[in-house]
$ cat my_file.csv   # CSV, C-alpha atoms
chain,number,residue,atom,x,y,z
P,252,MET,CA,69.0,36.2,-73.0
P,253,GLY,CA,66.0,35.4,-70.7
P,254,LYS,CA,65.7,36.5,-67.1
P,255,ASN,CA,66.1,33.9,-64.5
P,256,ARG,CA,63.2,33.2,-62.0
P,257,GLU,CA,64.9,35.1,-59.2
P,258,GLU,CA,65.4,38.2,-61.3
P,259,GLN,CA,61.8,38.0,-62.6
P,260,ALA,CA,60.5,37.7,-59.0
P,261,ARG,CA,62.5,40.8,-58.0
P,262,LEU,CA,61.1,42.8,-60.9
P,263,GLU,CA,57.5,41.7,-60.1
P,264,GLY,CA,58.1,42.6,-56.5
P,265,MET,CA,59.4,46.1,-57.4
P,266,ALA,CA,56.4,46.6,-59.7
P,267,GLN,CA,54.0,45.6,-56.9
P,268,ALA,CA,55.7,47.9,-54.4
P,269,LEU,CA,55.5,50.8,-56.9
P,270,ARG,CA,51.8,50.1,-57.5
P,271,ILE,CA,51.1,50.0,-53.7
P,272,ALA,CA,53.1,53.2,-53.1
P,273,LYS,CA,51.2,55.0,-55.8
P,274,GLU,CA,47.8,53.8,-54.5
P,275,LYS,CA,48.4,54.0,-50.8
P,276,GLY,CA,51.5,56.1,-50.3
P,277,ILE,CA,54.7,55.2,-48.5
P,278,GLU,CA,52.7,54.4,-45.2
P,279,GLY,CA,50.5,52.0,-47.2
P,280,LEU,CA,53.6,50.3,-48.6
P,281,GLU,CA,55.2,50.1,-45.1
P,282,ALA,CA,52.0,48.5,-43.8
P,283,GLU,CA,52.0,46.0,-46.7
P,284,ILE,CA,55.6,45.0,-46.0
P,285,ARG,CA,54.9,44.6,-42.3
P,286,MET,CA,51.9,42.5,-43.0
P,287,ARG,CA,53.8,40.3,-45.5
P,288,ASN,CA,56.7,39.9,-43.1
P,289,ILE,CA,54.5,38.9,-40.2
P,290,THR,CA,52.2,36.6,-42.1
P,291,ASN,CA,54.9,35.2,-44.4
P,292,LEU,CA,52.6,35.5,-47.4
P,293,PRO,CA,54.1,35.7,-50.8
P,294,CYS,CA,53.6,38.8,-52.9
P,295,GLY,CA,51.7,37.0,-55.5
P,296,ILE,CA,48.6,36.9,-53.3
P,297,PRO,CA,46.7,40.1,-53.9
P,298,GLN,CA,45.4,42.1,-50.9
P,299,ARG,CA,41.7,41.6,-52.1
P,300,ALA,CA,42.1,37.8,-52.0
P,301,LEU,CA,43.8,38.1,-48.6
P,302,ASP,CA,41.1,40.3,-47.2
P,303,GLU,CA,38.4,37.9,-48.4
P,304,CYS,CA,40.2,35.0,-46.9
P,305,ILE,CA,40.6,36.8,-43.6
P,306,ARG,CA,36.9,37.8,-43.6
P,307,ASN,CA,35.9,34.2,-44.2
P,308,ILE,CA,38.2,32.9,-41.5
P,309,LYS,CA,36.8,35.5,-39.0
P,310,ASN,CA,33.2,34.6,-39.9
P,311,ASN,CA,34.0,30.9,-39.4
P,312,VAL,CA,35.6,31.5,-36.1
P,313,VAL,CA,32.6,33.5,-34.9
P,314,ASP,CA,30.2,30.8,-36.1
P,315,THR,CA,32.1,27.9,-34.5
P,316,PHE,CA,32.8,29.8,-31.3
P,317,THR,CA,29.1,30.7,-31.1
P,318,VAL,CA,28.2,27.0,-31.3
P,319,LEU,CA,30.8,26.0,-28.7
P,320,VAL,CA,29.8,28.7,-26.2
P,321,ALA,CA,26.0,28.2,-26.7
P,322,TYR,CA,26.5,24.4,-26.2
P,323,THR,CA,28.4,25.0,-23.0
P,324,LEU,CA,25.9,27.5,-21.7
P,325,HIS,CA,23.1,25.1,-22.4
P,326,HIS,CA,24.6,21.9,-21.1
P,327,LYS,CA,26.6,23.2,-18.2
P,328,PHE,CA,24.7,26.3,-17.0
P,329,GLY,CA,21.1,25.4,-18.0
P,330,TYR,CA,20.5,28.2,-20.6
P,331,GLY,CA,17.4,27.6,-22.5
P,332,LYS,CA,16.2,28.8,-25.9
P,333,THR,CA,15.3,32.4,-24.8
P,334,ARG,CA,18.5,33.1,-22.9
P,335,LEU,CA,20.6,31.4,-25.7
P,336,ALA,CA,19.0,33.6,-28.3
P,337,ARG,CA,19.7,36.7,-26.3
P,338,PHE,CA,23.3,35.6,-25.8
P,339,VAL,CA,23.8,34.8,-29.5
P,340,LYS,CA,22.4,38.2,-30.5
P,341,GLU,CA,24.6,40.1,-28.0
P,342,PHE,CA,27.7,37.9,-28.9
P,343,HIS,CA,27.3,38.8,-32.6
P,344,PHE,CA,26.8,42.5,-31.8
P,345,GLN,CA,30.1,42.5,-29.8
P,346,ALA,CA,31.8,40.7,-32.6
P,347,ASP,CA,30.6,43.3,-35.0
P,348,CYS,CA,31.8,46.1,-32.7
P,349,LEU,CA,35.3,44.5,-32.8
P,350,ALA,CA,35.2,44.1,-36.6
P,351,GLU,CA,34.2,47.8,-37.0
P,352,ASP,CA,36.8,49.0,-34.6
P,353,TYR,CA,34.3,50.4,-32.0
P,354,CYS,CA,36.4,48.6,-29.4
P,355,THR,CA,39.5,46.5,-29.4
P,356,TRP,CA,40.5,43.2,-27.9
P,357,ASP,CA,42.7,45.2,-25.4
P,358,ASP,CA,39.5,47.1,-24.3
P,359,LEU,CA,37.7,43.8,-23.6
P,360,VAL,CA,40.7,42.2,-21.8
P,361,ASN,CA,41.2,45.3,-19.7
P,362,GLU,CA,37.5,45.6,-18.8
P,363,MET,CA,37.3,41.9,-17.8
P,364,ARG,CA,40.4,42.4,-15.6
P,365,GLU,CA,39.0,45.6,-14.0
P,366,GLU,CA,35.4,44.4,-13.5
P,367,CYS,CA,35.8,40.7,-12.9
P,368,GLY,CA,39.4,40.3,-11.8
P,369,MET,CA,40.0,37.9,-14.7
P,370,GLU,CA,43.4,37.8,-16.3
P,371,LEU,CA,42.4,36.9,-19.9
P,372,LYS,CA,45.1,36.8,-22.6
P,373,ILE,CA,45.1,36.4,-26.4
P,374,ARG,CA,47.8,34.1,-27.5
P,375,LYS,CA,48.6,35.8,-30.7
P,376,MET,CA,48.7,39.3,-29.2
P,377,MET,CA,52.4,39.7,-30.2
P,378,MET,CA,51.6,39.4,-33.9
P,379,ARG,CA,48.7,41.8,-33.7
P,380,ILE,CA,50.8,44.4,-31.8
P,381,MET,CA,53.7,44.1,-34.2
P,382,PHE,CA,51.4,44.4,-37.2
P,383,ASP,CA,50.0,47.7,-35.8
P,384,ARG,CA,53.2,48.7,-34.1
P,385,LYS,CA,53.1,52.3,-35.3
P,386,LYS,CA,49.6,52.8,-33.9
P,387,TYR,CA,50.6,51.3,-30.5
P,388,GLU,CA,53.8,53.5,-30.4
P,389,GLN,CA,51.8,56.6,-31.3
P,390,ASN,CA,49.3,55.8,-28.6
P,391,LEU,CA,52.1,55.4,-26.0
P,392,ASP,CA,53.6,58.7,-27.2
P,393,GLU,CA,50.3,60.5,-26.8
P,394,MET,CA,49.6,59.1,-23.3
P,395,TRP,CA,53.2,60.0,-22.2
P,396,HIS,CA,52.7,63.5,-23.5
P,397,ILE,CA,49.4,63.9,-21.7
P,398,TYR,CA,51.0,62.7,-18.5
P,399,LEU,CA,54.0,65.1,-18.9
P,400,SER,CA,51.6,68.0,-19.6
P,401,GLY,CA,50.1,67.8,-16.1
P,402,ASN,CA,47.7,64.9,-15.9
P,403,PRO,CA,49.1,62.5,-13.4
P,404,LYS,CA,46.1,60.1,-13.7
P,405,GLN,CA,47.3,59.4,-17.3
P,406,ILE,CA,50.3,57.4,-16.0
P,407,THR,CA,47.9,54.6,-14.9
P,408,GLU,CA,46.5,54.2,-18.5
P,409,TYR,CA,50.0,54.5,-19.9
P,410,GLN,CA,51.3,51.8,-17.6
P,411,LYS,CA,48.4,49.5,-18.6
P,412,GLY,CA,49.3,50.0,-22.2
P,413,VAL,CA,53.0,49.2,-21.6
P,414,ASP,CA,52.1,46.2,-19.4
P,415,ASN,CA,49.8,44.9,-22.1
P,416,ILE,CA,52.5,45.1,-24.7
P,417,LYS,CA,55.1,43.5,-22.4
P,418,SER,CA,52.7,40.7,-21.5
P,419,ALA,CA,52.7,39.8,-25.2
P,420,GLY,CA,56.4,39.1,-25.0
P,421,LEU,CA,57.6,42.4,-26.5
P,422,ARG,CA,59.8,45.2,-25.2
P,423,VAL,CA,58.9,48.9,-24.9
P,424,LEU,CA,61.6,51.5,-25.2
P,425,ARG,CA,61.2,55.3,-24.7
P,426,ASN,CA,63.7,57.9,-25.6
P,427,SER,CA,64.4,61.2,-23.8
P,428,SER,CA,61.9,63.0,-26.0
P,429,GLY,CA,59.1,60.6,-25.2
P,430,LYS,CA,59.1,58.7,-28.4
P,431,HIS,CA,58.3,55.0,-28.0
P,432,LYS,CA,59.6,51.9,-29.9
P,433,ILE,CA,58.2,48.4,-29.6
P,434,GLN,CA,60.7,45.6,-30.3
P,435,PHE,CA,60.9,41.8,-30.0
P,436,LYS,CA,62.7,40.7,-26.8
P,437,GLU,CA,66.1,39.3,-27.6
$ encode --input "my_file.csv" --output "structure tokens"
Amino acid sequence: MGKNREEQARLEGMAQALRIAKEKGIEGLEAEIRMRNITNLPCGIPQRALDECIRNIKNNVVDTFTVLVAYTLHHKFGYGKTRLARFVKEFHFQADCLAEDYCTWDDLVNEMREECGMELKIRKMMMRIMFDRKKYEQNLDEMWHIYLSGNPKQITEYQKGVDNIKSAGLRVLRNSSGKHKIQFKE
């Protein structure tokens, strides 16, 4: 008797989960499950294809955004060839810094708030935070521990981190031992 489609899909999913656990460990499997749940991508799409697609999308976003900003700077603010070339070079450098994790979107948003008083937001921040939830929770745990061990200035950075997460529409919980959990607001 042949297997029905649902049973076949379950078996393939289990095989894929086993492969990921063997290659990347349990944490890698948890990250894969989080990513699949957030993006709603079927298991049949391999990570390599997804990574390539994301890389192409990112490159396209940088290219189209470069055109839009360069056009605006030229037509509305009088930037000429030399200043536009400098801008494009620096813009691509900053984009590479983000891509290589030398800085984060949070760093840029916070710096613009502190230095220019601008309240910039990224509309899809919630998805990004939930995708990297463990990292955000560990960061809050560490900042809270530093604060409790005698560095009162740390509370400012801690509160900025909490506020950033809350501004994305999420809830931050902390238990009595200082462990944090980020959840969707109900």
$ residues_near_point --input "my_file.csv" --point "(56.4, 63.2, -21.2)" --cutoff "9 Å" --atoms "only C-alpha atoms" --output "mmCIF file with C-alpha atoms, in the coordinates of the input"
data_model
loop_
_atom_site.group_PDB
_atom_site.id
_atom_site.type_symbol
_atom_site.label_atom_id
_atom_site.label_comp_id
_atom_site.auth_asym_id
_atom_site.auth_seq_id
_atom_site.Cartn_x
_atom_site.Cartn_y
_atom_site.Cartn_z
ATOM 1 C CA ASP P 392 53.600 58.700 -27.200
ATOM 2 C CA GLU P 393 50.300 60.500 -26.800
ATOM 3 C CA MET P 394 49.600 59.100 -23.300
ATOM 4 C CA TRP P 395 53.200 60.000 -22.200
ATOM 5 C CA HIS P 396 52.700 63.500 -23.500
ATOM 6 C CA ILE P 397 49.400 63.900 -21.700
ATOM 7 C CA TYR P 398 51.000 62.700 -18.500
ATOM 8 C CA LEU P 399 54.000 65.100 -18.900
ATOM 9 C CA SER P 400 51.600 68.000 -19.600
ATOM 10 C CA SER P 427 64.400 61.200 -23.800
ATOM 11 C CA SER P 428 61.900 63.000 -26.000
ATOM 12 C CA GLY P 429 59.100 60.600 -25.200
ATOM 13 C CA LYS P 430 59.100 58.700 -28.400
#
$ residues_around --input "my_file.csv" --residues "Met376 in chain P" --least-positions-apart "6" --cutoff "10 Å" --atoms "only C-alpha atoms" --output "ChimeraX atom specification"
/P:356-357,382,415-416,418-421
$ write_last_selection --input "my_file.csv" --atoms "C-alpha atoms" --output "compact mmCIF listing (two decimals), in the frame of the given file"
# COMPACT_ATOMS: atom_id res chain seq x y z
CA TRP P 356 40.50 43.20 -27.90
CA ASP P 357 42.70 45.20 -25.40
CA PHE P 382 51.40 44.40 -37.20
CA ASN P 415 49.80 44.90 -22.10
CA ILE P 416 52.50 45.10 -24.70
CA SER P 418 52.70 40.70 -21.50
CA ALA P 419 52.70 39.80 -25.20
CA GLY P 420 56.40 39.10 -25.00
CA LEU P 421 57.60 42.40 -26.50
$ atom_distance --input "my_file.csv" --atom1 "CA of Tyr409 in chain P" --atom2 "CA of Glu366 in chain P"
18.9 Å
$ closest_residue --input "my_file.csv" --among "P:Asn402, P:Leu335, P:Asn426, P:Asp414" --to "Asn361 in chain P" --atoms "all atoms listed in the file"
P:Asp414
$ closest_residue --input "my_file.csv" --among "P:Lys411, P:Arg285, P:Lys404, P:Lys436" --to "Arg384 in chain P" --atoms "all atoms listed in the file"
P:Arg285
$ atom_distance --input "my_file.csv" --atom1 "CA of Tyr353 in chain P" --atom2 "CA of Ile406 in chain P"
23.7 Å
$ decode --input "my_file.csv" --residues "range 390-420 of chain P" --atoms "C-alpha atoms" --output "PDB file, in the first residue's frame"
ATOM      1  CA  ASN P 390      22.050  40.531  24.803  1.00  0.00           C
ATOM      2  CA  LEU P 391      19.424  41.755  27.287  1.00  0.00           C
ATOM      3  CA  ASP P 392      20.527  39.077  29.786  1.00  0.00           C
ATOM      4  CA  GLU P 393      24.144  40.248  29.506  1.00  0.00           C
ATOM      5  CA  MET P 394      23.290  43.951  29.830  1.00  0.00           C
ATOM      6  CA  TRP P 395      21.093  43.238  32.860  1.00  0.00           C
ATOM      7  CA  HIS P 396      23.886  41.182  34.477  1.00  0.00           C
ATOM      8  CA  ILE P 397      26.410  43.995  33.879  1.00  0.00           C
ATOM      9  CA  TYR P 398      23.982  46.484  35.443  1.00  0.00           C
ATOM     10  CA  LEU P 399      23.445  44.269  38.511  1.00  0.00           C
ATOM     11  CA  SER P 400      27.179  43.713  38.960  1.00  0.00           C
ATOM     12  CA  GLY P 401      27.704  47.395  39.707  1.00  0.00           C
ATOM     13  CA  ASN P 402      27.616  49.379  36.473  1.00  0.00           C
ATOM     14  CA  PRO P 403      24.630  51.741  36.780  1.00  0.00           C
ATOM     15  CA  LYS P 404      25.374  53.355  33.391  1.00  0.00           C
ATOM     16  CA  GLN P 405      24.478  50.037  31.730  1.00  0.00           C
ATOM     17  CA  ILE P 406      20.805  50.571  32.569  1.00  0.00           C
ATOM     18  CA  THR P 407      20.616  53.263  29.867  1.00  0.00           C
ATOM     19  CA  GLU P 408      21.813  50.871  27.139  1.00  0.00           C
ATOM     20  CA  TYR P 409      19.615  48.131  28.528  1.00  0.00           C
ATOM     21  CA  GLN P 410      16.556  50.383  28.439  1.00  0.00           C
ATOM     22  CA  LYS P 411      17.353  51.427  24.844  1.00  0.00           C
ATOM     23  CA  GLY P 412      17.434  47.752  23.872  1.00  0.00           C
ATOM     24  CA  VAL P 413      14.115  47.061  25.598  1.00  0.00           C
ATOM     25  CA  ASP P 414      12.521  50.167  24.054  1.00  0.00           C
ATOM     26  CA  ASN P 415      13.755  49.153  20.596  1.00  0.00           C
ATOM     27  CA  ILE P 416      12.152  45.729  20.933  1.00  0.00           C
ATOM     28  CA  LYS P 417       8.915  47.198  22.301  1.00  0.00           C
ATOM     29  CA  SER P 418       8.789  49.761  19.488  1.00  0.00           C
ATOM     30  CA  ALA P 419       8.682  46.822  17.054  1.00  0.00           C
ATOM     31  CA  GLY P 420       5.416  45.737  18.670  1.00  0.00           C
TER      32      GLY P 420
END
